[in-house]
$ cat final.txt   # compact mmCIF, C-alpha atoms
# COMPACT_ATOMS: atom_id res chain seq x y z
CA MET A 1 107.43 91.47 86.63
CA LYS A 2 110.28 93.18 88.43
CA LYS A 3 108.53 96.12 90.09
CA ILE A 4 105.10 96.00 91.73
CA ALA A 5 103.04 98.63 93.54
CA ALA A 6 100.89 97.18 96.33
CA LEU A 7 97.71 99.16 96.96
CA LEU A 8 95.79 99.23 100.24
CA THR A 9 93.34 101.40 102.14
CA CYS A 10 92.42 101.30 105.79
CA PHE A 11 90.17 102.74 108.46
CA ASN A 12 90.44 102.00 112.17
CA ARG A 13 91.57 98.40 112.17
CA LYS A 14 95.17 98.89 113.07
CA ASP A 15 96.01 95.32 114.04
CA LYS A 16 94.61 93.88 110.81
CA THR A 17 96.40 96.48 108.70
CA LEU A 18 99.73 95.78 110.40
CA SER A 19 99.22 92.03 110.01
CA ALA A 20 98.44 92.40 106.30
CA LEU A 21 101.60 94.44 105.74
CA ARG A 22 103.73 92.05 107.77
CA HIS A 23 102.57 89.02 105.79
CA LEU A 24 103.06 90.89 102.51
CA PHE A 25 106.64 91.92 103.23
CA ASP A 26 107.51 88.52 104.70
CA ALA A 27 106.30 86.80 101.52
CA GLN A 28 108.28 89.15 99.31
CA LYS A 29 111.49 88.89 101.32
CA SER A 30 111.40 85.12 101.75
CA THR A 31 110.43 84.08 98.22
CA HIS A 32 111.17 87.00 95.88
CA PRO A 33 113.84 89.22 97.46
CA GLY A 34 114.75 90.60 94.03
CA LEU A 35 111.23 91.88 93.46
CA GLU A 36 110.88 95.61 94.06
CA LEU A 37 107.71 96.11 96.08
CA VAL A 38 106.43 99.60 96.86
CA VAL A 39 103.39 99.87 99.13
CA TYR A 40 100.83 102.69 98.91
CA LEU A 41 98.40 102.87 101.83
CA THR A 42 95.52 105.34 102.03
CA ASP A 43 94.46 105.91 105.63
CA ASP A 44 90.94 107.25 105.38
CA GLY A 45 90.90 109.18 108.64
CA SER A 46 91.76 106.47 111.17
CA THR A 47 91.66 107.56 114.80
CA ASP A 48 93.22 104.41 116.28
CA GLY A 49 96.82 105.30 115.47
CA THR A 50 97.09 103.19 112.33
CA SER A 51 99.29 105.63 110.42
CA GLU A 52 101.63 106.11 113.37
CA GLU A 53 102.09 102.37 113.87
CA VAL A 54 102.63 101.77 110.15
CA LYS A 55 105.31 104.50 110.08
CA LYS A 56 106.96 102.94 113.10
CA ASN A 57 106.95 99.34 111.87
CA PHE A 58 107.10 99.84 108.09
CA PRO A 59 108.74 103.19 107.36
CA GLU A 60 109.06 102.27 103.68
CA VAL A 61 105.27 102.35 103.20
CA ILE A 62 103.95 105.44 101.40
CA ILE A 63 101.02 106.66 103.51
CA LEU A 64 98.35 108.83 101.92
CA GLN A 65 95.67 110.58 103.96
CA GLY A 66 91.98 110.42 103.07
CA ASN A 67 89.17 112.69 104.21
CA GLY A 68 87.15 110.04 106.03
CA GLU A 69 84.64 109.72 103.17
CA LEU A 70 86.58 107.59 100.70
CA PHE A 71 85.54 104.15 101.98
CA TRP A 72 87.06 101.09 100.25
CA ALA A 73 86.64 102.02 96.59
CA GLY A 74 87.68 105.64 97.06
CA GLY A 75 90.66 104.71 99.20
CA MET A 76 91.90 102.09 96.75
CA ARG A 77 91.38 104.48 93.85
CA ASN A 78 93.39 107.10 95.72
CA SER A 79 96.30 104.68 96.31
CA TRP A 80 96.21 103.51 92.70
CA GLU A 81 96.15 106.98 91.20
CA GLU A 82 99.19 107.95 93.26
CA ALA A 83 101.08 104.79 92.32
CA ASN A 84 100.14 105.24 88.68
CA LYS A 85 102.29 108.38 88.56
CA LYS A 86 105.31 106.08 88.40
CA ASP A 87 106.27 103.16 86.19
CA TYR A 88 105.35 99.74 87.61
CA ASP A 89 105.06 96.35 85.95
CA GLY A 90 102.00 95.48 88.00
CA PHE A 91 99.62 96.71 90.68
CA LEU A 92 98.65 94.44 93.57
CA LEU A 93 95.30 95.30 95.12
CA LEU A 94 95.21 93.94 98.67
CA ASN A 95 92.57 94.20 101.37
CA ASP A 96 93.98 95.24 104.72
CA ASP A 97 92.18 92.34 106.42
CA THR A 98 93.89 89.80 104.16
CA ASN A 99 97.00 87.86 105.16
CA VAL A 100 98.83 86.55 102.12
CA PHE A 101 100.58 83.20 102.15
CA GLU A 102 104.30 82.87 101.57
CA ASN A 103 103.53 81.46 98.12
CA VAL A 104 101.52 84.48 96.96
CA PHE A 105 104.13 85.85 94.56
CA ASP A 106 104.90 82.38 93.19
CA GLN A 107 101.19 81.98 92.45
CA LEU A 108 100.56 85.42 91.00
CA LEU A 109 103.76 85.78 88.99
CA GLY A 110 103.57 82.18 87.81
CA THR A 111 100.06 82.87 86.55
CA HIS A 112 101.33 86.01 84.83
CA ASP A 113 103.98 83.97 83.01
CA GLU A 114 101.37 81.44 81.93
CA CYS A 115 99.12 84.28 80.75
CA LEU A 116 101.92 85.65 78.56
CA ASP A 117 102.53 82.18 77.12
CA ARG A 118 98.86 81.41 76.45
CA PHE A 119 97.53 84.81 75.41
CA GLY A 120 100.60 86.83 74.49
CA THR A 121 99.58 89.63 76.81
CA GLY A 122 99.29 90.51 80.48
CA GLY A 123 96.06 90.09 82.41
CA ILE A 124 94.45 90.19 85.84
CA TYR A 125 95.26 87.50 88.39
CA ILE A 126 92.73 87.02 91.17
CA GLY A 127 94.14 85.26 94.21
CA SER A 128 91.74 83.06 96.17
CA THR A 129 91.38 83.37 99.94
CA LYS A 130 89.96 81.09 102.58
CA ASP A 131 88.88 81.43 106.18
CA ALA A 132 91.81 80.98 108.56
CA GLN A 133 89.73 78.91 110.98
CA SER A 134 87.43 76.78 108.84
CA GLY A 135 89.57 76.61 105.70
CA LYS A 136 86.50 77.35 103.58
CA PHE A 137 86.72 79.47 100.43
CA THR A 138 85.86 83.15 100.99
CA TYR A 139 86.91 85.40 98.06
CA GLY A 140 88.34 85.07 94.55
CA GLY A 141 87.32 84.72 90.92
CA ALA A 142 83.90 83.70 89.63
CA SER A 143 82.05 82.69 86.47
CA PHE A 144 78.48 83.55 85.52
CA GLN A 145 75.66 81.06 85.82
CA ASN A 146 73.01 83.54 84.69
CA ARG A 147 74.01 87.03 83.58
CA PHE A 148 70.44 88.37 83.56
CA LEU A 149 69.90 87.34 87.18
CA PHE A 150 73.48 88.33 88.01
CA LYS A 151 74.11 84.89 89.44
CA TYR A 152 77.63 83.55 89.52
CA SER A 153 79.66 80.82 91.16
CA PHE A 154 83.14 81.18 92.60
CA LEU A 155 86.01 79.04 91.36
CA GLU A 156 87.94 77.33 94.10
CA PRO A 157 91.62 76.65 93.33
CA ASN A 158 92.05 73.24 91.68
CA GLY A 159 95.79 73.07 91.04
CA SER A 160 95.59 74.64 87.58
CA VAL A 161 95.17 78.16 86.25
CA GLN A 162 91.48 78.85 85.61
CA SER A 163 89.78 81.55 83.56
CA CYS A 164 87.01 83.56 85.20
CA GLU A 165 84.66 86.45 84.38
CA LEU A 166 84.70 88.68 87.46
CA GLY A 167 86.36 88.71 90.83
CA ASN A 168 87.14 90.19 94.21
CA ALA A 169 90.15 92.42 94.77
CA ASN A 170 91.12 90.99 98.16
CA ILE A 171 94.25 89.77 96.35
CA MET A 172 94.35 90.93 92.75
CA LEU A 173 97.42 91.58 90.62
CA VAL A 174 96.82 93.79 87.59
CA SER A 175 99.42 93.87 84.83
CA LYS A 176 100.77 97.09 83.37
CA HIS A 177 99.26 96.15 80.02
CA THR A 178 95.80 95.94 81.61
CA VAL A 179 96.09 99.38 83.23
CA ALA A 180 97.10 100.87 79.87
CA LYS A 181 93.86 99.56 78.34
CA VAL A 182 91.43 99.72 81.26
CA GLY A 183 92.77 102.39 83.58
CA THR A 184 92.25 102.24 87.35
CA LEU A 185 89.10 101.81 89.42
CA SER A 186 86.14 103.74 88.03
CA LYS A 187 84.80 106.79 89.80
CA GLY A 188 81.26 106.62 91.12
CA TYR A 189 81.78 103.62 93.37
CA ARG A 190 82.18 104.33 97.07
CA HIS A 191 82.67 100.99 98.80
CA GLY A 192 81.79 97.68 97.20
CA VAL A 193 81.51 96.32 93.62
CA ALA A 194 84.26 98.55 92.21
CA ASP A 195 86.32 95.38 91.79
CA TYR A 196 83.47 93.69 89.92
CA ASP A 197 83.22 96.72 87.64
CA TYR A 198 86.96 96.65 86.98
CA THR A 199 87.10 92.97 86.11
CA LEU A 200 84.02 93.31 83.90
CA LYS A 201 85.57 96.28 82.08
CA ALA A 202 88.68 94.19 81.50
CA LEU A 203 86.62 91.25 80.29
CA ASN A 204 84.90 93.51 77.75
CA LYS A 205 88.32 94.49 76.43
CA LYS A 206 89.36 90.82 76.07
CA ILE A 207 91.83 91.02 78.97
CA PRO A 208 92.47 87.56 80.45
CA LEU A 209 91.09 87.09 83.97
CA LEU A 210 92.84 84.19 85.65
CA VAL A 211 92.70 82.40 89.00
CA PRO A 212 96.05 80.99 90.22
CA PRO A 213 96.31 77.26 90.96
CA LEU A 214 96.52 77.47 94.78
CA TYR A 215 95.12 79.58 97.59
CA CYS A 216 97.01 82.84 98.07
CA GLY A 217 95.94 83.92 101.57
CA THR A 218 93.33 84.08 104.30
CA CYS A 219 90.47 86.52 104.70
CA SER A 220 87.38 85.95 106.82
CA HIS A 221 83.93 86.51 105.38
CA ASP A 222 82.73 88.42 108.43
CA HIS A 223 79.95 90.53 106.93
CA SER A 224 76.67 89.97 108.76
CA ASP A 225 73.42 89.56 106.82
CA ILE A 226 71.94 93.04 106.86
CA TYR A 227 68.47 91.68 106.09
CA GLN A 228 68.17 89.77 109.38
CA THR A 229 66.98 92.90 111.20
CA PHE A 230 65.89 94.97 108.20
CA PRO A 231 62.11 94.63 108.72
CA GLN A 232 62.42 95.80 112.34
CA LYS A 233 64.02 99.11 111.36
CA THR A 234 62.13 102.32 110.74
CA LEU A 235 61.49 103.60 107.24
CA LYS A 236 64.11 106.31 107.77
CA GLU A 237 66.66 103.74 108.96
CA ARG A 238 65.98 101.45 106.00
CA PHE A 239 66.34 104.30 103.53
CA ARG A 240 69.64 105.30 105.14
CA LEU A 241 70.96 101.73 104.95
CA LEU A 242 69.88 101.50 101.32
CA ARG A 243 72.11 104.43 100.41
CA HIS A 244 74.97 104.10 102.88
CA PRO A 245 78.28 102.71 101.51
CA LEU A 246 78.52 100.30 104.43
CA GLY A 247 74.87 99.32 104.09
CA LEU A 248 73.35 98.24 100.78
CA ASP A 249 75.29 100.86 98.79
CA PHE A 250 72.43 101.16 96.31
CA ASN A 251 74.05 103.87 94.17
CA SER A 252 77.18 101.79 93.55
CA ASN A 253 75.17 98.69 92.72
CA LEU A 254 72.87 100.63 90.42
CA LEU A 255 75.89 102.08 88.62
CA LEU A 256 77.29 98.58 88.10
CA MET A 257 74.00 97.43 86.58
CA ARG A 258 73.69 100.51 84.36
CA LYS A 259 77.19 100.01 82.96
CA HIS A 260 77.22 96.25 82.48
CA PHE A 261 73.67 94.86 82.75
CA PRO A 262 71.32 97.74 81.76
CA VAL A 263 68.37 95.42 81.18
CA ARG A 264 68.41 94.66 84.92
CA VAL A 265 68.07 98.31 86.04
CA PRO A 266 64.25 98.36 86.37
CA PHE A 267 64.36 95.19 88.46
CA VAL A 268 67.12 96.57 90.69
CA VAL A 269 65.17 99.79 91.28
CA GLY A 270 61.99 97.82 91.93
CA ALA A 271 63.77 95.60 94.42
CA ALA A 272 65.12 98.68 96.22
CA VAL A 273 61.62 100.08 96.60
CA LEU A 274 60.38 96.73 97.88
CA LYS A 275 63.23 96.54 100.39
CA VAL A 276 62.44 99.94 101.86
CA ILE A 277 58.64 100.03 101.69
CA PHE A 278 57.75 96.33 102.12
CA PRO A 279 60.82 94.78 103.78
CA LYS A 280 59.01 91.74 105.19
CA ILE A 281 57.78 90.77 101.73
CA TYR A 282 61.26 91.23 100.26
CA VAL A 283 63.03 89.24 103.01
CA LYS A 284 60.47 86.45 102.78
CA GLY A 285 60.87 86.25 98.99
CA ARG A 286 64.62 86.42 99.31
CA GLY A 287 64.62 83.46 101.65
CA LYS A 288 62.83 81.37 99.05
CA GLY A 289 65.34 82.26 96.34
$ encode --input "final.txt" --output "structure tokens"
Amino acid sequence: MKKIAALLTCFNRKDKTLSALRHLFDAQKSTHPGLELVVYLTDDGSTDGTSEEVKKNFPEVIILQGNGELFWAGGMRNSWEEANKKDYDGFLLLNDDTNVFENVFDQLLGTHDECLDRFGTGGIYIGSTKDAQSGKFTYGGASFQNRFLFKYSFLEPNGSVQSCELGNANIMLVSKHTVAKVGTLSKGYRHGVADYDYTLKALNKKIPLLVPPLYCGTCSHDHSDIYQTFPQKTLKERFRLLRHPLGLDFNSNLLLMRKHFPVRVPFVVGAAVLKVIFPKIYVKGRGKG
């Protein structure tokens, strides 16, 4: 790959966004100065001066403005659709709270080369991240343990390229060949699971999904367990959290099940009803699982 479009979206976390961009450009300049890297950033209505600071520190970044209702999936889709108007060899999806390591392009491009050798085609390369403080694995590629129960286990880097079945887009390089067959992120997803949908769509089309040999960056798993206080909330509050993109994002999760695991839909709907109407029963049962 000679020309890559990096895709990001952001909302009111200026320092993290600037740090992500700084690490990305540092990695490119120090290890692959010949690589043409064009960054597309959708700012979904930030009020903390993110766009202004990005323009000041990284004037080469193409900033797109959202309407404040795009959330992660919509913002990333917006960046990708704009980048897709031009010819790139690959598209690097990057969370704005992720700091890539200096080796990130060695890992991703090396995996791409191995993919071409092994499969004769481009694929998707899912970079693993770990917590900056504890060093524990946080995001990356995974393989199914039980598809009906939608249970899967993540694959920690082991020094070799590994195949997987779905993955997070915290660091995810998608080849041009993949985009030609799969397209960009599907519409209908607002915040989470759009990356799971994309990797599952690619898997269905026999696109290789690969995890590079080494960790590619840091990203903290800082999402609190929403169920800790769920039973104490009112019915109206629980229903709102069920539907909200930053809550349980029920519509996005239901769409994922309908598209890829339709037999699970009745159970997903039933669980949603249980969560809202009988939250104590659901949380108690969840704790035993």
$ residues_around --input "final.txt" --residues "Asn99 (chain A)" --least-positions-apart "6" --cutoff "8 Å" --atoms "all atoms listed in the file" --output "list in words"
Ser19, Ala20, His23, Leu24, Gly217, Thr218 and Cys219 of chain A
$ write_last_selection --input "final.txt" --atoms "C-alpha atoms" --output "JSON list (two decimals), in the frame of the given file"
[["chain", "number", "residue", "atom", "x", "y", "z"],
["A", 19, "SER", "CA", 99.22, 92.03, 110.01],
["A", 20, "ALA", "CA", 98.44, 92.40, 106.30],
["A", 23, "HIS", "CA", 102.57, 89.02, 105.79],
["A", 24, "LEU", "CA", 103.06, 90.89, 102.51],
["A", 217, "GLY", "CA", 95.94, 83.92, 101.57],
["A", 218, "THR", "CA", 93.33, 84.08, 104.30],
["A", 219, "CYS", "CA", 90.47, 86.52, 104.70]]
$ closest_atom_pairs --input "final.txt" --of "region 211-280 of chain A" --to "region 149-165 of chain A" --cutoff "9 Å" --atoms "only C-alpha atoms" --output "CSV"
residue,atom,partner,partner_atom,distance
A:Val211,CA,A:Gln162,CA,5.1
A:Pro212,CA,A:Val161,CA,5.0
A:Pro213,CA,A:Gly159,CA,4.2
A:Leu214,CA,A:Pro157,CA,5.2
A:Tyr215,CA,A:Pro157,CA,6.2
A:Phe261,CA,A:Phe150,CA,8.4
A:Arg264,CA,A:Leu149,CA,7.8
$ atom_distance --input "final.txt" --atom1 "CA of Thr42 (chain A)" --atom2 "CA of Lys14 (chain A)"
12.8 Å
$ closest_atom_pairs --input "final.txt" --of "region 193-287 of chain A" --to "region 59-77 of chain A" --cutoff "12 Å" --atoms "all atoms listed in the file" --output "CSV"
residue,atom,partner,partner_atom,distance
A:Val193,CA,A:Ala73,CA,8.2
A:Ala194,CA,A:Ala73,CA,6.1
A:Asp195,CA,A:Ala73,CA,8.2
A:Tyr196,CA,A:Ala73,CA,11.1
A:Asp197,CA,A:Ala73,CA,10.9
A:Tyr198,CA,A:Ala73,CA,11.0
A:His244,CA,A:Phe71,CA,10.6
A:Pro245,CA,A:Phe71,CA,7.4
A:Leu246,CA,A:Phe71,CA,8.4
A:Gly247,CA,A:Phe71,CA,11.9
A:Asp249,CA,A:Phe71,CA,11.2
A:Ser252,CA,A:Ala73,CA,9.9
$ write_last_selection --input "final.txt" --atoms "C-alpha atoms" --output "PDB file, in the frame of the given file"
ATOM      1  CA  VAL A 193      81.510  96.320  93.620  1.00  0.00           C
ATOM      2  CA  ALA A 194      84.260  98.550  92.210  1.00  0.00           C
ATOM      3  CA  ASP A 195      86.320  95.380  91.790  1.00  0.00           C
ATOM      4  CA  TYR A 196      83.470  93.690  89.920  1.00  0.00           C
ATOM      5  CA  ASP A 197      83.220  96.720  87.640  1.00  0.00           C
ATOM      6  CA  TYR A 198      86.960  96.650  86.980  1.00  0.00           C
ATOM      7  CA  HIS A 244      74.970 104.100 102.880  1.00  0.00           C
ATOM      8  CA  PRO A 245      78.280 102.710 101.510  1.00  0.00           C
ATOM      9  CA  LEU A 246      78.520 100.300 104.430  1.00  0.00           C
ATOM     10  CA  GLY A 247      74.870  99.320 104.090  1.00  0.00           C
ATOM     11  CA  ASP A 249      75.290 100.860  98.790  1.00  0.00           C
ATOM     12  CA  SER A 252      77.180 101.790  93.550  1.00  0.00           C
TER      13      SER A 252
END
$ closest_residue --input "final.txt" --among "A:Val283, A:Leu255, A:Val265, A:Ala83" --to "Val179 (chain A)" --atoms "all atoms listed in the file"
A:Ala83
